[in-house]
Structures are given as C-alpha cells and as structure tokens.
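Shown below: my_file-v8.tsv, with TSV, C-alpha atoms.
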```
chain	number	residue	atom	x	y	z
A	223	MET	CA	-23.75	-45.53	-3.75
A	224	ILE	CA	-24.30	-46.16	-7.45
A	225	LEU	CA	-26.32	-49.07	-8.83
A	226	TYR	CA	-25.00	-50.04	-12.26
A	227	PRO	CA	-27.18	-52.05	-14.66
A	228	ALA	CA	-24.99	-54.39	-16.70
A	229	ILE	CA	-24.86	-55.06	-20.41
A	230	ASP	CA	-22.66	-58.00	-21.38
A	231	LEU	CA	-21.94	-58.19	-25.11
A	232	LYS	CA	-21.56	-61.43	-27.05
A	233	ASN	CA	-21.86	-61.56	-30.84
A	234	GLY	CA	-23.31	-58.06	-30.76
A	235	GLN	CA	-26.15	-59.09	-28.46
A	236	CYS	CA	-26.99	-58.31	-24.86
A	237	VAL	CA	-26.54	-61.54	-22.91
A	238	ARG	CA	-26.04	-62.89	-19.40
A	239	LEU	CA	-23.77	-65.79	-18.53
A	240	LYS	CA	-23.72	-68.21	-15.62
A	241	GLN	CA	-20.41	-68.26	-13.75
A	242	GLY	CA	-18.68	-66.80	-16.81
A	243	ASP	CA	-19.44	-69.81	-19.03
A	244	MET	CA	-19.79	-68.60	-22.62
A	245	ALA	CA	-21.74	-71.76	-23.44
A	246	GLU	CA	-24.33	-70.72	-20.84
A	247	ALA	CA	-25.31	-67.44	-22.50
A	248	THR	CA	-28.92	-66.27	-22.42
A	249	VAL	CA	-29.78	-63.56	-24.95
A	250	PHE	CA	-31.94	-60.86	-23.41
A	251	ASN	CA	-31.86	-58.24	-26.17
A	252	ASP	CA	-30.66	-58.19	-29.76
A	253	ASP	CA	-30.27	-54.41	-29.54
A	254	PRO	CA	-27.83	-53.41	-26.76
A	255	ALA	CA	-28.26	-49.72	-27.52
A	256	ALA	CA	-32.01	-49.98	-27.00
A	257	GLN	CA	-31.39	-51.82	-23.74
A	258	ALA	CA	-29.02	-49.09	-22.59
A	259	ALA	CA	-31.61	-46.44	-23.44
A	260	ALA	CA	-34.21	-48.36	-21.44
A	261	PHE	CA	-31.92	-48.42	-18.42
A	262	GLU	CA	-31.31	-44.68	-18.74
A	263	ALA	CA	-35.06	-44.03	-18.98
A	264	GLN	CA	-35.59	-46.04	-15.79
A	265	GLY	CA	-33.42	-43.57	-13.93
A	266	PHE	CA	-30.07	-45.32	-13.61
A	267	GLU	CA	-27.21	-42.83	-13.45
A	268	ALA	CA	-24.45	-44.95	-15.02
A	269	LEU	CA	-24.00	-48.14	-17.07
A	270	HIS	CA	-21.60	-51.08	-16.82
A	271	VAL	CA	-20.68	-52.74	-20.14
A	272	VAL	CA	-18.46	-55.78	-20.74
A	273	ASP	CA	-17.23	-56.99	-24.12
A	274	LEU	CA	-17.28	-60.72	-23.34
A	275	ASP	CA	-15.83	-61.74	-26.69
A	276	GLY	CA	-13.11	-59.14	-26.19
A	277	ALA	CA	-12.19	-60.57	-22.80
A	278	PHE	CA	-11.42	-63.91	-24.43
A	279	ALA	CA	-9.82	-62.47	-27.57
A	280	GLY	CA	-7.62	-60.00	-25.70
A	281	LYS	CA	-8.84	-57.13	-27.87
A	282	PRO	CA	-12.14	-55.29	-28.42
A	283	VAL	CA	-14.60	-57.35	-30.48
A	284	ASN	CA	-18.01	-55.74	-29.93
A	285	GLY	CA	-16.87	-52.21	-30.69
A	286	ALA	CA	-19.79	-51.46	-32.98
A	287	ALA	CA	-22.29	-52.34	-30.25
A	288	VAL	CA	-20.44	-50.19	-27.72
A	289	GLU	CA	-20.38	-47.24	-30.09
A	290	ALA	CA	-24.11	-47.67	-30.75
A	291	ILE	CA	-24.71	-47.52	-26.99
A	292	LEU	CA	-22.62	-44.35	-26.66
A	293	ALA	CA	-24.55	-42.74	-29.51
A	294	ARG	CA	-27.88	-43.56	-27.85
A	295	VAL	CA	-27.40	-42.55	-24.19
A	296	LYS	CA	-26.14	-39.59	-22.21
A	297	PHE	CA	-25.34	-41.19	-18.86
A	298	PRO	CA	-21.74	-42.31	-18.11
A	299	VAL	CA	-20.68	-45.72	-19.42
A	300	GLN	CA	-17.83	-47.81	-18.00
A	301	LEU	CA	-16.39	-50.52	-20.23
A	302	GLY	CA	-14.31	-53.64	-19.70
A	303	GLY	CA	-13.28	-56.64	-21.77
A	304	GLY	CA	-10.13	-56.99	-23.85
A	305	ILE	CA	-8.55	-53.67	-22.89
A	306	ARG	CA	-4.86	-54.55	-22.84
A	307	GLY	CA	-2.98	-51.45	-24.07
A	308	MET	CA	-2.81	-47.66	-23.95
A	309	ALA	CA	-4.10	-47.30	-27.50
A	310	GLN	CA	-7.33	-49.04	-26.50
A	311	VAL	CA	-7.66	-46.95	-23.34
A	312	GLU	CA	-7.12	-43.71	-25.26
A	313	GLY	CA	-9.41	-44.82	-28.06
A	314	TRP	CA	-12.37	-45.65	-25.86
A	315	LEU	CA	-12.04	-42.57	-23.68
A	316	SER	CA	-11.88	-40.40	-26.81
A	317	ARG	CA	-15.07	-42.05	-28.10
A	318	GLY	CA	-16.96	-41.13	-24.95
A	319	ILE	CA	-16.45	-44.01	-22.52
A	320	ALA	CA	-16.36	-42.46	-19.04
A	321	ARG	CA	-14.20	-45.14	-17.42
A	322	VAL	CA	-12.29	-48.14	-18.72
A	323	ILE	CA	-11.96	-51.34	-16.71
A	324	ILE	CA	-8.69	-53.25	-16.91
A	325	GLY	CA	-8.90	-56.88	-15.83
A	326	THR	CA	-6.49	-59.46	-17.23
A	327	ALA	CA	-3.81	-56.85	-17.91
A	328	ALA	CA	-3.93	-55.77	-14.25
A	329	LEU	CA	-2.41	-59.14	-13.39
A	330	ARG	CA	-0.22	-59.59	-16.46
A	331	ASP	CA	1.01	-56.00	-16.86
A	332	PRO	CA	0.50	-53.85	-13.74
A	333	ALA	CA	2.80	-51.15	-15.16
A	334	PHE	CA	0.21	-50.58	-17.90
A	335	VAL	CA	-2.49	-49.95	-15.29
A	336	ARG	CA	-0.27	-47.44	-13.54
A	337	GLU	CA	0.53	-45.66	-16.80
A	338	ALA	CA	-3.15	-45.48	-17.76
A	339	ALA	CA	-4.23	-44.26	-14.32
A	340	ARG	CA	-1.58	-41.52	-14.38
A	341	ALA	CA	-2.52	-40.43	-17.89
A	342	PHE	CA	-6.27	-40.45	-17.25
A	343	PRO	CA	-7.00	-39.66	-13.57
A	344	GLY	CA	-10.35	-40.96	-12.37
A	345	LYS	CA	-11.02	-42.82	-15.60
A	346	VAL	CA	-9.34	-46.18	-14.99
A	347	ALA	CA	-10.79	-48.99	-12.86
A	348	VAL	CA	-9.40	-52.44	-12.16
A	349	GLY	CA	-11.62	-55.47	-12.51
A	350	ILE	CA	-10.79	-58.21	-10.01
A	351	ASP	CA	-12.67	-61.41	-10.73
A	352	ALA	CA	-12.13	-64.20	-8.23
A	353	ARG	CA	-12.79	-67.91	-8.10
A	354	ASP	CA	-12.43	-69.31	-4.56
A	355	GLY	CA	-10.65	-66.11	-3.62
A	356	LYS	CA	-8.05	-66.38	-6.41
A	357	VAL	CA	-7.87	-63.96	-9.32
A	358	ALA	CA	-9.17	-65.32	-12.65
A	359	VAL	CA	-8.17	-63.86	-16.01
A	360	GLU	CA	-8.59	-64.30	-19.78
A	361	GLY	CA	-12.37	-64.12	-19.62
A	362	TRP	CA	-12.23	-66.20	-16.41
A	363	ALA	CA	-10.76	-69.13	-18.34
A	364	GLU	CA	-7.58	-69.14	-16.22
A	365	THR	CA	-7.20	-68.92	-12.44
A	366	SER	CA	-4.03	-67.54	-10.90
A	367	ASP	CA	-2.46	-68.17	-7.48
A	368	LEU	CA	-2.91	-64.54	-6.41
A	369	ASP	CA	-5.48	-63.45	-3.83
A	370	ALA	CA	-7.90	-60.68	-4.82
A	371	ALA	CA	-6.72	-58.40	-2.00
A	372	ASP	CA	-3.07	-58.88	-2.93
A	373	LEU	CA	-3.78	-57.79	-6.50
A	374	GLY	CA	-5.71	-54.78	-5.29
A	375	ARG	CA	-2.87	-53.70	-3.01
A	376	ARG	CA	-0.57	-53.45	-6.03
A	377	PHE	CA	-2.53	-50.41	-7.16
A	378	GLU	CA	-3.06	-48.61	-3.86
A	379	ASP	CA	-0.81	-45.72	-4.90
A	380	ALA	CA	-1.55	-45.84	-8.63
A	381	GLY	CA	-4.54	-43.50	-8.78
A	382	VAL	CA	-7.02	-46.22	-9.77
A	383	ALA	CA	-10.58	-44.90	-9.51
A	384	ALA	CA	-12.27	-48.11	-8.40
A	385	ILE	CA	-11.98	-51.86	-7.97
A	386	ILE	CA	-14.83	-53.88	-9.45
A	387	TYR	CA	-14.92	-57.15	-7.54
A	388	THR	CA	-16.78	-60.14	-8.94
A	389	ASN	CA	-17.23	-63.48	-7.23
A	390	ILE	CA	-17.38	-65.75	-10.29
A	391	ALA	CA	-19.23	-68.53	-8.50
A	392	ARG	CA	-22.15	-66.18	-7.91
A	393	ASP	CA	-22.18	-64.36	-11.24
A	394	GLY	CA	-25.46	-64.90	-13.07
A	395	MET	CA	-26.64	-67.38	-10.44
A	396	LEU	CA	-29.01	-65.04	-8.54
A	397	SER	CA	-27.59	-66.34	-5.27
A	398	GLY	CA	-26.91	-62.92	-3.75
A	399	LEU	CA	-23.81	-60.76	-3.66
A	400	ASP	CA	-20.69	-62.01	-1.89
A	401	PHE	CA	-21.01	-59.56	0.97
A	402	GLU	CA	-18.42	-61.23	3.15
A	403	GLY	CA	-15.73	-61.21	0.46
A	404	THR	CA	-16.60	-57.77	-0.90
A	405	ILE	CA	-16.72	-56.11	2.51
A	406	ALA	CA	-13.40	-57.71	3.46
A	407	LEU	CA	-11.82	-56.46	0.24
A	408	GLY	CA	-13.21	-53.00	0.83
A	409	HIS	CA	-11.64	-52.89	4.28
A	410	ALA	CA	-8.32	-54.19	2.93
A	411	LEU	CA	-8.02	-51.45	0.31
A	412	SER	CA	-8.23	-47.68	0.22
A	413	ILE	CA	-9.51	-47.82	-3.38
A	414	PRO	CA	-13.33	-47.69	-3.65
A	415	VAL	CA	-14.83	-51.15	-4.26
A	416	ILE	CA	-17.87	-51.92	-6.43
A	417	ALA	CA	-19.66	-55.21	-5.76
A	418	SER	CA	-20.55	-57.53	-8.65
A	419	GLY	CA	-21.84	-61.05	-9.17
A	420	GLY	CA	-25.09	-62.56	-8.00
A	421	LEU	CA	-27.23	-59.58	-7.01
A	422	ALA	CA	-30.62	-61.27	-6.82
A	423	SER	CA	-33.33	-59.08	-5.33
A	424	LEU	CA	-34.28	-56.05	-3.28
A	425	ALA	CA	-32.92	-57.91	-0.25
A	426	ASP	CA	-29.42	-57.42	-1.65
A	427	ILE	CA	-30.06	-53.70	-2.06
A	428	GLU	CA	-31.32	-53.50	1.52
A	429	ARG	CA	-28.19	-55.33	2.68
A	430	LEU	CA	-26.04	-52.78	0.82
A	431	MET	CA	-27.65	-50.06	2.93
A	432	GLN	CA	-26.30	-51.55	6.18
A	433	PRO	CA	-23.50	-49.72	8.02
A	434	ASP	CA	-20.84	-52.35	7.27
A	435	CYS	CA	-21.28	-51.65	3.54
A	436	ALA	CA	-20.89	-47.90	3.94
A	437	HIS	CA	-17.41	-47.91	2.40
A	438	LEU	CA	-18.55	-49.63	-0.81
A	439	ALA	CA	-18.92	-47.37	-3.84
A	440	GLY	CA	-21.62	-49.27	-5.69
A	441	ALA	CA	-22.99	-52.53	-7.02
A	442	ILE	CA	-23.66	-54.06	-10.42
A	443	THR	CA	-26.86	-55.87	-11.31
A	444	GLY	CA	-27.60	-57.94	-14.39
A	445	ARG	CA	-29.82	-61.00	-14.62
A	446	ALA	CA	-32.10	-59.93	-11.75
A	447	LEU	CA	-33.06	-56.81	-13.70
A	448	TYR	CA	-33.59	-58.67	-16.95
A	449	ASP	CA	-35.85	-61.35	-15.56
A	450	GLY	CA	-37.83	-59.00	-13.33
A	451	ARG	CA	-36.67	-60.24	-9.94
A	452	LEU	CA	-35.39	-56.76	-9.17
A	453	ASP	CA	-37.68	-53.77	-9.70
A	454	ALA	CA	-35.59	-50.87	-10.95
A	455	ALA	CA	-37.73	-48.15	-9.39
A	456	GLU	CA	-37.73	-49.78	-5.95
A	457	ALA	CA	-34.01	-50.47	-6.08
A	458	LEU	CA	-33.11	-46.93	-7.14
A	459	ALA	CA	-35.37	-45.43	-4.48
A	460	LEU	CA	-33.51	-47.39	-1.84
A	461	MET	CA	-30.10	-46.53	-3.23
A	462	ALA	CA	-30.99	-42.83	-3.30
A	463	LYS	CA	-31.11	-42.82	0.48
A	464	ARG	CA	-27.33	-43.15	0.59
A	465	GLN	CA	-24.77	-40.70	-0.69
A	466	PRO	CA	-22.32	-42.32	-3.11
A	467	ALA	CA	-18.95	-43.34	-1.68
A	468	GLY	CA	-17.46	-42.74	-5.12
A	469	LYS	CA	-18.67	-40.79	-8.12
A	470	MET	CA	-18.75	-42.05	-11.68
A	471	PRO	CA	-16.95	-39.64	-14.04
A	472	ALA	CA	-19.11	-37.81	-16.56
```
Write the structure described by the file as structure tokens, please.
Amino acid sequence: MILYPAIDLKNGQCVRLKQGDMAEATVFNDDPAAQAAAFEAQGFEALHVVDLDGAFAGKPVNGAAVEAILARVKFPVQLGGGIRGMAQVEGWLSRGIARVIIGTAALRDPAFVREAARAFPGKVAVGIDARDGKVAVEGWAETSDLDAADLGRRFEDAGVAAIIYTNIARDGMLSGLDFEGTIALGHALSIPVIASGGLASLADIERLMQPDCAHLAGAITGRALYDGRLDAAEALALMAKRQPAGKMPA
C-alpha cells in the first residue's frame, strides 16, 4: 500500500482546502517544489498533486509550479486538475508526470478516458469525488445524479490504473477517511482504489492495515501531515508492513 502526500496548488502556492471550498484555502508553503522535496526526503515513494485552479478552469493553470516540482524530485508524481483532453495527457506524461488523473472528464467524456488509458497503459487514473455518494465535478462545484460505483464500473474494461476516491465532506476536515464508502467501492470494482479525504492521524493508518482494507491500493494524506497530526516516519513505518496492492508507475 502506498501513502501519498498531497500538494494542492492554488495561485502557485501549496494549500489545503476544507470540503473543496476555494474560499477556505490555507497556505502551507509558498514553494511547492520545496515541499515536494521535503516529502521525498521524508521517505515517501510517490506524490499526489492537484491543480485546484485548473479543476475549476477546465485547463492546467499551475503548470509552472508542477514543472518546478518535477525538476526538483525523482519520485513518481501523479497529477490531476483540469486534464480534459489527449493533448494535456500527452503533454504532462512527456514532461515526466508518472500518472495523470482524470476527474470531470470521466463523467462528461468517458470515451476520452478510454482513449487515454489505451494509449498510455498504467498511466491514467480516474478521480471520483463524491458528495453524499454522488459524483461531483468541475472542482466539486457541481454534483451529478450518478453514484460513485456506477461511474467506476464504466471503466472496468478500460485499462484504468486506479480509482482515487474522495469523500468531499471529509476532505480537509481531519475527521478520518471514509472507510465504509471506500471499502464498499473497492469491493464493487476490480480497479485498484486509493482512499482520499480526511486522513487525520496514525489511527487511520492503523485502520488501513486491517484485513478488510487489503484490497485498497493506497491512501492520500494532506492537512494532517502539514499541521503535524500525522508523523511521516511513523506512518511510513506502518505502511511498510504491507505489500502494495498496486504499484505507482516510475
């Protein structure tokens, strides 16, 4: 199982939101590349990056910050936010992104996800962000009528590398991961599922080590790392006791 530290980009800065509200952004570092390097030095084996502005704009906005991160670190970086077309997928993968995450376009244009997954095996993930079980898109500003599991099933035979599932109500709230929802989604799909949203402490890491989470491929942590509630060394030591259910591409 892989533990991904998260860098969310807004106006070129490393921030964390509460429940996806852009007005509730806390700046944790003015230098995202330095933050990425710090995570790598702590021993994390991969990084999760989201272009928040890009998610709302429908196109990459914080490209300079992402490129600075890629220039600074050697561990794999997965990127989401505003990736809506093949040119963007090809562009980011050619620049060194290990895996792109397609969110809004997975709902709006599933054929694009299939095309990207066929063209770049193992390098395309789908981000499923849910509010009350329903898929939210456009930077979480809009909520659809589609259940998270139903969206995931659309890509069962598409070659998607992973599903990154976020419970929006928990994101940035330090209330703990949505284990019930994430475990259920993992059982409903054959695609590896990565848990996101609300990871609060070492207790969440310990919970991830339980047998009913064995099919999950990883988890993403943000605010808990930044404010010191989660000790990186302790968390990584625990995670190392389990073999990963899915491997991040180099």
Margin query: When you look at Leu447 in chain A with a cut-off of 9 Å (counting only C-alpha atoms), what residues show up, excluding the ones that are within fewer than 3 positions of it in the same chain? I need them as a list in words.
Written below: Pro227, Ala228, Ala422, Ser423, Thr443, Gly444, Gly450, Arg451, Leu452, Asp453 and Ala454 of chain A
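Considering all atoms listed in the file, the residue among A:Asp367, A:Asp400, A:Asp275, A:Glu456 positioned nearest to Glu428 in chain A is A:Glu456.
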Notebook entry, point to check: Mind pulling up the distance from CA of Gly276 in chain A to CA of Val295 in chain A?
Noted result: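 Result for CA of Val295 in chain A versus CA of Gly276 in chain A: 22.0 Å, one decimal.
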Notebook entry, point to check: Given the choices A:Gly349, A:Ile427, A:Arg464, A:Val283, which gets closest to Val415 in chain A if the distance is worked out from only C-alpha atoms?
Noted result: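 Going through A:Gly349, A:Ile427, A:Arg464, A:Val283 one by one, the smallest distance to Val415 in chain A is for A:Gly349.
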Skip Asp369 in chain A itself and residues of its chain fewer than 3 positions away, then list as a PDB file with C-alpha atoms, keeping the file's coordinate frame all residues within 10 Å of it, counting only C-alpha atoms.
```
ATOM      1  CA  ILE A 350     -10.790 -58.210 -10.010  1.00  0.00           C
ATOM      2  CA  ALA A 352     -12.130 -64.200  -8.230  1.00  0.00           C
ATOM      3  CA  ARG A 353     -12.790 -67.910  -8.100  1.00  0.00           C
ATOM      4  CA  ASP A 354     -12.430 -69.310  -4.560  1.00  0.00           C
ATOM      5  CA  GLY A 355     -10.650 -66.110  -3.620  1.00  0.00           C
ATOM      6  CA  LYS A 356      -8.050 -66.380  -6.410  1.00  0.00           C
ATOM      7  CA  VAL A 357      -7.870 -63.960  -9.320  1.00  0.00           C
ATOM      8  CA  ALA A 358      -9.170 -65.320 -12.650  1.00  0.00           C
ATOM      9  CA  SER A 366      -4.030 -67.540 -10.900  1.00  0.00           C
ATOM     10  CA  ASP A 372      -3.070 -58.880  -2.930  1.00  0.00           C
ATOM     11  CA  LEU A 373      -3.780 -57.790  -6.500  1.00  0.00           C
ATOM     12  CA  GLY A 374      -5.710 -54.780  -5.290  1.00  0.00           C
TER      13      GLY A 374
END
```
Next item on the list: Give the answer as one residue: which of A:Gln264, A:Thr248, A:Asn284, A:Gln300 has the shortest atom-to-atom distance to Ala383 in chain A, using all atoms listed in the file?
Entry: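 Among A:Gln264, A:Thr248, A:Asn284, A:Gln300, it is A:Gln300 that comes nearest to Ala383 in chain A.
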Checklist line | From A:Gly325, A:Pro298, A:Gly398, A:Gly381, residue lying nearest Leu424 in chain A [all atoms listed in the file] | finding: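 Ranked by minimum distance to Leu424 in chain A, first place goes to A:Gly398.
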